[in-house]
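> Please find one structure pasted underneath; my questions will follow.
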Amino acid sequence: MPAPTSDLSGLLRRLGDRLRHVGYTPESLQRLLAIAYPDDIGPLNHTPALERLHGDRSPAATLIALFFLEAAQPYRRVAAVLTCASCDALCRAGLLQRRGDVLTARLRIDPVGNQYVLGDRRFRRFERAALRLGGDDPVYPPSSDSLMLHAAVVAPTVTPAGMRILDLCSGSGVQALQQAAGAESVIAVDINPRAVALARYNAQLNGVGNLDVRRGDAYAAVRGLQFDLIIANPPFVASPYAHGPSYHAGGARGDRVLRRIIAGFERHLRPGGRAFAISHVTLRAG
Ligand SMILES: C[S@@+](CC[C@H](N)C(=O)[O-])C[C@H]1O[C@@H](n2cnc3c(N)ncnc32)[C@H](O)[C@@H]1O
């Protein structure tokens, strides 16, 4: 797994600033695509969503087509928004790919609040080489469950020593990033090494300096530590399959990881601390 270089860090930071400057925001997604959550666009309504942007040459529409709808865009149109130098540097870094006169994004970028989150693509094949991340296990992009969990979190009153936060099953790092401002420390833990590397890049993209991303199974990477706030979005789909993306299957009942996370709350919460987890629960007779 490549260590983030300072060149790439600067490039990502400038990209984030540029996205913000040209209005690639949740509000422009809502206005141009009429959606509330990123996964309101799926394979079935992807083409109508692209058609809504047809003829719209605004910078926000170009970036939505490229980074959100994952559509190939003319190089000249993207360069007019990001500059030729940035497009070329992002191609060298492995975030964009140029084929002739068109560019595609090897990772998607979701605007969340005033931040940006890189994740694996929804509509195109998984790109192992994206940002030279490697691995075979895709990283979950922010989705409706991610945003609902974020909206539900109410942090406890800040302790005099500062808030310590744990994001378990952190994936892209979206929960940790959203809580990082003002926290004393934020630790994000995920079992997927690709997710760990990508969450570090996401911290750079957003200029977040207090995020410590660790690879580990549930609480293994934070043994003996206690937190004021624990947030967890474990894989929760009830599935008989043992293989597939780590973000997906939560065992036969969907609660395989969730149960271990809940069992650790008592040990890992400071007095007065709070914990939030999201899951789907299937109710069946018997
Ligand atoms: C549904 S995604 C959530 C990602 C992100 N926190 C969000 O809210 O969008 C679940 C994540 O849990 C991770 N995961 C699965 N099993 C795990 C385990 N035993 N320990 C730590 N992370 C795990 C997966 O790799 C995946 O990134």
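Labeling convention for the structure tokens: chains A, B, ... as they appear, residues from 1 per chain, ligands from 1 in order of appearance.
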Give the residues close to ligand 1, within 7 Å, counting only C-alpha atoms and all ligand atoms; write them as a VMD selection string.

chain A and resid 139 to 143 145 to 146 168 to 175 189 to 192 195 216 to 218 232 to 235 246 to 248 257

> Could you write those residues out with N, CA and C atoms, as a PDB file, in the first residue's frame?


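Final output, saved to again02.pdb:
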ATOM      1  N   VAL A 139     -14.128  -0.190  -1.563  1.00  0.00           N
ATOM      2  CA  VAL A 139     -14.437   0.697  -0.429  1.00  0.00           C
ATOM      3  C   VAL A 139     -15.823   1.298  -0.645  1.00  0.00           C
ATOM      4  N   TYR A 140     -16.635   1.171   0.375  1.00  0.00           N
ATOM      5  CA  TYR A 140     -18.039   1.614   0.326  1.00  0.00           C
ATOM      6  C   TYR A 140     -18.100   3.135   0.194  1.00  0.00           C
ATOM      7  N   PRO A 141     -18.753   3.653  -0.852  1.00  0.00           N
ATOM      8  CA  PRO A 141     -18.896   5.109  -0.933  1.00  0.00           C
ATOM      9  C   PRO A 141     -20.027   5.560  -0.015  1.00  0.00           C
ATOM     10  N   PRO A 142     -19.998   6.809   0.458  1.00  0.00           N
ATOM     11  CA  PRO A 142     -21.067   7.289   1.344  1.00  0.00           C
ATOM     12  C   PRO A 142     -22.432   7.048   0.705  1.00  0.00           C
ATOM     13  N   SER A 143     -23.333   6.476   1.480  1.00  0.00           N
ATOM     14  CA  SER A 143     -24.644   6.085   0.960  1.00  0.00           C
ATOM     15  C   SER A 143     -25.703   6.530   1.961  1.00  0.00           C
ATOM     16  N   ASP A 145     -27.344   4.974   4.242  1.00  0.00           N
ATOM     17  CA  ASP A 145     -27.115   4.533   5.628  1.00  0.00           C
ATOM     18  C   ASP A 145     -26.023   5.377   6.285  1.00  0.00           C
ATOM     19  N   SER A 146     -24.978   5.713   5.522  1.00  0.00           N
ATOM     20  CA  SER A 146     -23.894   6.540   6.073  1.00  0.00           C
ATOM     21  C   SER A 146     -24.442   7.898   6.522  1.00  0.00           C
ATOM     22  N   LEU A 168     -15.823   2.940  14.011  1.00  0.00           N
ATOM     23  CA  LEU A 168     -15.583   1.513  13.724  1.00  0.00           C
ATOM     24  C   LEU A 168     -16.214   1.149  12.388  1.00  0.00           C
ATOM     25  N   CYS A 169     -15.519   0.302  11.623  1.00  0.00           N
ATOM     26  CA  CYS A 169     -15.983  -0.057  10.277  1.00  0.00           C
ATOM     27  C   CYS A 169     -16.022   1.214   9.430  1.00  0.00           C
ATOM     28  N   SER A 170     -14.898   1.899   9.408  1.00  0.00           N
ATOM     29  CA  SER A 170     -14.866   3.280   8.933  1.00  0.00           C
ATOM     30  C   SER A 170     -14.928   3.427   7.423  1.00  0.00           C
ATOM     31  N   GLY A 171     -14.553   2.400   6.643  1.00  0.00           N
ATOM     32  CA  GLY A 171     -14.637   2.492   5.182  1.00  0.00           C
ATOM     33  C   GLY A 171     -13.896   3.711   4.662  1.00  0.00           C
ATOM     34  N   SER A 172     -14.629   4.568   3.941  1.00  0.00           N
ATOM     35  CA  SER A 172     -14.040   5.791   3.386  1.00  0.00           C
ATOM     36  C   SER A 172     -13.587   6.760   4.474  1.00  0.00           C
ATOM     37  N   GLY A 173     -14.075   6.569   5.692  1.00  0.00           N
ATOM     38  CA  GLY A 173     -13.747   7.482   6.793  1.00  0.00           C
ATOM     39  C   GLY A 173     -14.776   8.581   6.956  1.00  0.00           C
ATOM     40  N   VAL A 174     -15.907   8.456   6.263  1.00  0.00           N
ATOM     41  CA  VAL A 174     -16.875   9.557   6.242  1.00  0.00           C
ATOM     42  C   VAL A 174     -17.358   9.957   7.635  1.00  0.00           C
ATOM     43  N   GLN A 175     -17.623   8.972   8.510  1.00  0.00           N
ATOM     44  CA  GLN A 175     -18.138   9.336   9.853  1.00  0.00           C
ATOM     45  C   GLN A 175     -17.061  10.082  10.647  1.00  0.00           C
ATOM     46  N   VAL A 189     -11.216   2.764  12.300  1.00  0.00           N
ATOM     47  CA  VAL A 189     -10.723   1.381  12.180  1.00  0.00           C
ATOM     48  C   VAL A 189     -11.522   0.626  11.127  1.00  0.00           C
ATOM     49  N   ASP A 190     -10.793  -0.019  10.224  1.00  0.00           N
ATOM     50  CA  ASP A 190     -11.471  -0.866   9.234  1.00  0.00           C
ATOM     51  C   ASP A 190     -10.618  -2.096   8.964  1.00  0.00           C
ATOM     52  N   ILE A 191     -11.286  -3.177   8.607  1.00  0.00           N
ATOM     53  CA  ILE A 191     -10.586  -4.444   8.370  1.00  0.00           C
ATOM     54  C   ILE A 191      -9.964  -4.491   6.967  1.00  0.00           C
ATOM     55  N   ASN A 192     -10.431  -3.629   6.079  1.00  0.00           N
ATOM     56  CA  ASN A 192     -10.006  -3.641   4.675  1.00  0.00           C
ATOM     57  C   ASN A 192      -8.840  -2.659   4.472  1.00  0.00           C
ATOM     58  N   ALA A 195      -9.510   0.350   2.322  1.00  0.00           N
ATOM     59  CA  ALA A 195     -10.317   1.380   2.986  1.00  0.00           C
ATOM     60  C   ALA A 195      -9.439   2.229   3.903  1.00  0.00           C
ATOM     61  N   GLY A 216      -7.875  -3.028  11.407  1.00  0.00           N
ATOM     62  CA  GLY A 216      -8.132  -3.964  12.497  1.00  0.00           C
ATOM     63  C   GLY A 216      -9.526  -4.556  12.417  1.00  0.00           C
ATOM     64  N   ASP A 217      -9.681  -5.635  13.146  1.00  0.00           N
ATOM     65  CA  ASP A 217     -10.966  -6.329  13.242  1.00  0.00           C
ATOM     66  C   ASP A 217     -11.681  -5.791  14.485  1.00  0.00           C
ATOM     67  N   ALA A 218     -12.800  -5.143  14.280  1.00  0.00           N
ATOM     68  CA  ALA A 218     -13.581  -4.553  15.379  1.00  0.00           C
ATOM     69  C   ALA A 218     -12.662  -3.735  16.307  1.00  0.00           C
ATOM     70  N   ALA A 232     -20.546   3.495  14.537  1.00  0.00           N
ATOM     71  CA  ALA A 232     -20.262   2.275  13.777  1.00  0.00           C
ATOM     72  C   ALA A 232     -21.314   2.037  12.701  1.00  0.00           C
ATOM     73  N   ASN A 233     -20.838   1.771  11.510  1.00  0.00           N
ATOM     74  CA  ASN A 233     -21.713   1.360  10.411  1.00  0.00           C
ATOM     75  C   ASN A 233     -21.184   0.027   9.879  1.00  0.00           C
ATOM     76  N   PRO A 234     -21.469  -1.065  10.596  1.00  0.00           N
ATOM     77  CA  PRO A 234     -20.924  -2.368  10.189  1.00  0.00           C
ATOM     78  C   PRO A 234     -21.682  -2.934   8.981  1.00  0.00           C
ATOM     79  N   PRO A 235     -21.094  -3.944   8.314  1.00  0.00           N
ATOM     80  CA  PRO A 235     -21.831  -4.594   7.223  1.00  0.00           C
ATOM     81  C   PRO A 235     -23.067  -5.260   7.824  1.00  0.00           C
ATOM     82  N   SER A 246     -16.122  -6.698   1.928  1.00  0.00           N
ATOM     83  CA  SER A 246     -16.232  -6.654   3.403  1.00  0.00           C
ATOM     84  C   SER A 246     -17.349  -5.726   3.859  1.00  0.00           C
ATOM     85  N   TYR A 247     -17.711  -4.760   3.011  1.00  0.00           N
ATOM     86  CA  TYR A 247     -18.727  -3.794   3.455  1.00  0.00           C
ATOM     87  C   TYR A 247     -20.130  -4.371   3.442  1.00  0.00           C
ATOM     88  N   HIS A 248     -20.287  -5.546   2.848  1.00  0.00           N
ATOM     89  CA  HIS A 248     -21.641  -5.995   2.535  1.00  0.00           C
ATOM     90  C   HIS A 248     -22.218  -6.950   3.581  1.00  0.00           C
ATOM     91  N   VAL A 257     -21.155  -8.697  12.776  1.00  0.00           N
ATOM     92  CA  VAL A 257     -20.194  -7.694  13.258  1.00  0.00           C
ATOM     93  C   VAL A 257     -20.866  -6.777  14.285  1.00  0.00           C
TER      94      VAL A 257
END

> Run DSSP on the backbone of this structure and report the residues of segment 49-137 of chain A it assigns to alpha helix (DSSP H), as a PyMOL selection string.

chain A and resi 49-52+59-63+75-82+84-93

> Show me, as JSON, numbers by chain, the residues that have an atom within 12 Å of Phe236 of chain A when counting only C-alpha atoms, minus same-chain residues fewer than 4 positions from it.

{"A": [145, 169, 232, 245, 246, 247, 248, 249, 250, 251, 252, 253, 254, 255, 256, 257, 258, 259, 277, 278, 279, 280, 281, 282]}

> Please, which residues of segment 82-277 of chain A, numbered as in this document, come out strand (DSSP E or B) from DSSP, as an mmCIF file with C-alpha atoms, in the first residue's frame?


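part_17.cif was written with the following content:
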data_model
loop_
_atom_site.group_PDB
_atom_site.id
_atom_site.type_symbol
_atom_site.label_atom_id
_atom_site.label_comp_id
_atom_site.auth_asym_id
_atom_site.auth_seq_id
_atom_site.Cartn_x
_atom_site.Cartn_y
_atom_site.Cartn_z
ATOM 1 C CA LEU A 96 -8.340 10.261 -13.331
ATOM 2 C CA GLN A 97 -7.754 8.257 -16.483
ATOM 3 C CA ARG A 98 -7.345 9.832 -19.934
ATOM 4 C CA ARG A 99 -8.167 7.890 -23.088
ATOM 5 C CA VAL A 102 -12.024 11.780 -22.701
ATOM 6 C CA LEU A 103 -11.467 11.514 -18.971
ATOM 7 C CA THR A 104 -12.984 9.091 -16.492
ATOM 8 C CA ALA A 105 -12.662 9.055 -12.706
ATOM 9 C CA ARG A 108 -16.059 8.542 -7.277
ATOM 10 C CA ILE A 109 -16.211 11.663 -5.117
ATOM 11 C CA ASP A 110 -19.271 12.350 -2.976
ATOM 12 C CA PRO A 111 -19.815 15.778 -1.437
ATOM 13 C CA VAL A 112 -20.913 15.301 2.203
ATOM 14 C CA GLN A 115 -16.346 17.793 2.784
ATOM 15 C CA TYR A 116 -15.475 15.445 -0.093
ATOM 16 C CA VAL A 117 -15.235 11.681 0.154
ATOM 17 C CA LEU A 118 -13.415 9.409 -2.288
ATOM 18 C CA GLY A 119 -14.905 5.927 -2.600
ATOM 19 C CA ARG A 164 -12.075 11.256 21.830
ATOM 20 C CA ILE A 165 -13.908 9.600 18.978
ATOM 21 C CA LEU A 166 -13.846 6.094 17.512
ATOM 22 C CA ASP A 167 -15.270 5.304 14.061
ATOM 23 C CA LEU A 168 -15.583 1.513 13.724
ATOM 24 C CA SER A 185 -8.494 12.749 18.601
ATOM 25 C CA VAL A 186 -10.356 10.580 16.128
ATOM 26 C CA ILE A 187 -9.458 6.963 15.442
ATOM 27 C CA ALA A 188 -10.985 5.175 12.440
ATOM 28 C CA VAL A 189 -10.723 1.381 12.180
ATOM 29 C CA ASP A 190 -11.471 -0.866 9.234
ATOM 30 C CA LEU A 211 -7.487 11.454 12.111
ATOM 31 C CA ASP A 212 -5.592 8.254 12.966
ATOM 32 C CA VAL A 213 -6.688 5.450 10.614
ATOM 33 C CA ARG A 214 -5.891 1.887 11.700
ATOM 34 C CA ARG A 215 -6.419 -1.524 10.185
ATOM 35 C CA PHE A 227 -13.808 7.048 23.898
ATOM 36 C CA ASP A 228 -16.464 9.702 24.421
ATOM 37 C CA LEU A 229 -18.157 8.856 21.149
ATOM 38 C CA ILE A 230 -18.247 5.590 19.198
ATOM 39 C CA ILE A 231 -19.858 5.498 15.754
ATOM 40 C CA ALA A 232 -20.262 2.275 13.777
ATOM 41 C CA VAL A 237 -26.919 -7.321 4.938
ATOM 42 C CA ALA A 249 -22.482 -9.251 4.246
ATOM 43 C CA LEU A 269 -16.918 4.059 26.415
ATOM 44 C CA ARG A 270 -15.736 6.628 28.922
ATOM 45 C CA PRO A 271 -18.222 7.603 31.652
ATOM 46 C CA GLY A 272 -20.903 9.762 29.988
ATOM 47 C CA GLY A 273 -19.878 8.556 26.546
ATOM 48 C CA ARG A 274 -22.313 7.704 23.744
ATOM 49 C CA ALA A 275 -22.388 5.105 21.000
ATOM 50 C CA PHE A 276 -24.319 5.029 17.735
ATOM 51 C CA ALA A 277 -24.620 2.150 15.263
#

> Would you pick out the contacts of Gly42 of chain A at 10 Å or less, using only C-alpha atoms, so that residues sharing its chain but fewer than 6 positions from it are not included, and give the list as a list in words?

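Result of the neighbour search: Ala49, Leu69, Arg122 and Phe123 of chain A.
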
> With distances taken over only C-alpha atoms, which of A:Asp40, A:Ser58, A:Ala176, A:Leu90 is nearest to His150 of chain A?

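Looking only at the distances to His150 of chain A, the closest residue turns out to be A:Ala176.
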
> Would you mind telling me which residue in A:Ala85, A:Ile35, A:Leu29, A:Val78 lies nearest to Arg57 of chain A when using only C-alpha atoms?

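When distances to Arg57 of chain A are compared using only C-alpha atoms, the smallest one comes from A:Val78.
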
> Between A:Leu225, A:Pro193, A:Pro48, A:Leu32, single out the one closest to Asp136 of chain A, counting only C-alpha atoms.

A:Pro193

> Would you mind listing what lies within 12 Å of Ala79 of chain A as a PyMOL selection string, with only C-alpha atoms counted and same-chain residues fewer than 5 positions away left out?

chain A and resi 18+59+62-63+66+73-74+84-91+96+98+101-103

> So, with only C-alpha atoms as the atoms that count, which of A:Ala36, A:Ala72, A:Ala80, A:Ala152 lies closest to Val22 of chain A?

A:Ala80

> For Asp56 of chain A, which of A:Ala285, A:Ile41, A:Leu131, A:Leu33 is the closest residue, counting only C-alpha atoms?

A:Leu33

> So, counting only C-alpha atoms, which residue among A:Gly134, A:Gly209, A:Gly286, A:Gly224 is closest to Arg194 of chain A?

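Checking each candidate against Arg194 of chain A, we get A:Gly134 as the closest.
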
> Could you please determine the separation between atom CA of Ala197 of chain A and atom CA of Pro43 of chain A in Å, to one decimal place?

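Going from atom CA of Ala197 of chain A over to atom CA of Pro43 of chain A, I get 27.4 Å.
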
> Do you know which residues are at most 9 Å from Ala130 of chain A counting only C-alpha atoms, after dropping those on the same chain fewer than 3 positions away, and could you put them as JSON, numbers by chain?

{"A": [93, 94, 95, 96, 105, 106, 107, 120, 126, 127, 133, 134]}

> Include all heavy atoms and write out the residues we just selected as an mmCIF file, in the first residue's frame.


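Contents of part-v8.cif, as written:
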data_model
loop_
_atom_site.group_PDB
_atom_site.id
_atom_site.type_symbol
_atom_site.label_atom_id
_atom_site.label_comp_id
_atom_site.auth_asym_id
_atom_site.auth_seq_id
_atom_site.Cartn_x
_atom_site.Cartn_y
_atom_site.Cartn_z
ATOM 1 N N ALA A 93 -1.447 10.617 -10.868
ATOM 2 C CA ALA A 93 -1.666 10.089 -9.506
ATOM 3 C C ALA A 93 -2.590 8.869 -9.509
ATOM 4 O O ALA A 93 -2.660 8.143 -8.521
ATOM 5 C CB ALA A 93 -2.261 11.184 -8.627
ATOM 6 N N GLY A 94 -3.315 8.674 -10.625
ATOM 7 C CA GLY A 94 -4.198 7.509 -10.713
ATOM 8 C C GLY A 94 -5.614 7.777 -10.240
ATOM 9 O O GLY A 94 -6.378 6.844 -10.004
ATOM 10 N N LEU A 95 -5.977 9.061 -10.137
ATOM 11 C CA LEU A 95 -7.368 9.360 -9.771
ATOM 12 C C LEU A 95 -8.231 9.520 -11.022
ATOM 13 O O LEU A 95 -9.381 9.102 -11.050
ATOM 14 C CB LEU A 95 -7.432 10.616 -8.899
ATOM 15 C CG LEU A 95 -8.824 11.062 -8.467
ATOM 16 C CD1 LEU A 95 -9.599 9.939 -7.801
ATOM 17 C CD2 LEU A 95 -8.740 12.248 -7.507
ATOM 18 N N LEU A 96 -7.648 10.155 -12.048
ATOM 19 C CA LEU A 96 -8.340 10.261 -13.331
ATOM 20 C C LEU A 96 -7.637 9.377 -14.346
ATOM 21 O O LEU A 96 -6.457 9.037 -14.169
ATOM 22 C CB LEU A 96 -8.326 11.714 -13.828
ATOM 23 C CG LEU A 96 -9.099 12.740 -12.998
ATOM 24 C CD1 LEU A 96 -8.950 14.126 -13.618
ATOM 25 C CD2 LEU A 96 -10.568 12.358 -12.880
ATOM 26 N N ALA A 105 -13.171 9.044 -14.081
ATOM 27 C CA ALA A 105 -12.662 9.055 -12.706
ATOM 28 C C ALA A 105 -12.529 7.605 -12.245
ATOM 29 O O ALA A 105 -13.471 6.822 -12.384
ATOM 30 C CB ALA A 105 -13.623 9.815 -11.808
ATOM 31 N N ARG A 106 -11.357 7.245 -11.707
ATOM 32 C CA ARG A 106 -11.136 5.867 -11.241
ATOM 33 C C ARG A 106 -11.784 5.634 -9.872
ATOM 34 O O ARG A 106 -11.939 4.501 -9.436
ATOM 35 C CB ARG A 106 -9.644 5.594 -11.131
ATOM 36 C CG ARG A 106 -8.928 5.508 -12.474
ATOM 37 C CD ARG A 106 -7.445 5.484 -12.213
ATOM 38 N NE ARG A 106 -6.650 5.373 -13.401
ATOM 39 C CZ ARG A 106 -6.122 4.230 -13.847
ATOM 40 N NH1 ARG A 106 -6.351 3.114 -13.211
ATOM 41 N NH2 ARG A 106 -5.380 4.215 -14.913
ATOM 42 N N LEU A 107 -12.088 6.732 -9.168
ATOM 43 C CA LEU A 107 -12.838 6.678 -7.906
ATOM 44 C C LEU A 107 -13.952 7.704 -8.016
ATOM 45 O O LEU A 107 -13.817 8.692 -8.740
ATOM 46 C CB LEU A 107 -11.946 7.057 -6.721
ATOM 47 C CG LEU A 107 -10.769 6.130 -6.407
ATOM 48 C CD1 LEU A 107 -9.807 6.806 -5.428
ATOM 49 C CD2 LEU A 107 -11.263 4.813 -5.804
ATOM 50 N N ASP A 120 -15.034 3.839 -3.817
ATOM 51 C CA ASP A 120 -15.077 3.057 -5.049
ATOM 52 C C ASP A 120 -16.379 3.311 -5.799
ATOM 53 O O ASP A 120 -17.367 3.755 -5.226
ATOM 54 C CB ASP A 120 -14.817 1.577 -4.762
ATOM 55 C CG ASP A 120 -13.320 1.291 -4.734
ATOM 56 O OD1 ASP A 120 -12.630 1.722 -5.678
ATOM 57 O OD2 ASP A 120 -12.836 0.695 -3.753
ATOM 58 N N PHE A 126 -14.773 -2.057 -10.584
ATOM 59 C CA PHE A 126 -13.794 -1.733 -9.540
ATOM 60 C C PHE A 126 -12.405 -1.537 -10.166
ATOM 61 O O PHE A 126 -11.991 -2.322 -11.001
ATOM 62 C CB PHE A 126 -13.790 -2.920 -8.576
ATOM 63 C CG PHE A 126 -12.678 -2.939 -7.579
ATOM 64 C CD1 PHE A 126 -12.640 -2.027 -6.544
ATOM 65 C CD2 PHE A 126 -11.666 -3.886 -7.669
ATOM 66 C CE1 PHE A 126 -11.625 -2.068 -5.598
ATOM 67 C CE2 PHE A 126 -10.646 -3.930 -6.735
ATOM 68 C CZ PHE A 126 -10.634 -3.016 -5.706
ATOM 69 N N GLU A 127 -11.716 -0.488 -9.776
ATOM 70 C CA GLU A 127 -10.389 -0.196 -10.321
ATOM 71 C C GLU A 127 -9.337 -0.401 -9.252
ATOM 72 O O GLU A 127 -9.101 0.470 -8.415
ATOM 73 C CB GLU A 127 -10.333 1.261 -10.788
ATOM 74 C CG GLU A 127 -10.840 1.417 -12.171
ATOM 75 C CD GLU A 127 -9.729 1.718 -13.168
ATOM 76 O OE1 GLU A 127 -8.539 1.486 -12.843
ATOM 77 O OE2 GLU A 127 -10.067 2.176 -14.256
ATOM 78 N N LEU A 133 -4.045 2.213 -5.017
ATOM 79 C CA LEU A 133 -4.458 1.668 -3.719
ATOM 80 C C LEU A 133 -4.262 0.160 -3.636
ATOM 81 O O LEU A 133 -3.984 -0.380 -2.560
ATOM 82 C CB LEU A 133 -5.942 1.967 -3.477
ATOM 83 C CG LEU A 133 -6.313 3.421 -3.220
ATOM 84 C CD1 LEU A 133 -7.806 3.622 -3.401
ATOM 85 C CD2 LEU A 133 -5.885 3.825 -1.816
ATOM 86 N N GLY A 134 -4.461 -0.529 -4.762
ATOM 87 C CA GLY A 134 -4.348 -1.988 -4.762
ATOM 88 C C GLY A 134 -5.490 -2.632 -3.995
ATOM 89 O O GLY A 134 -6.505 -2.005 -3.693
#
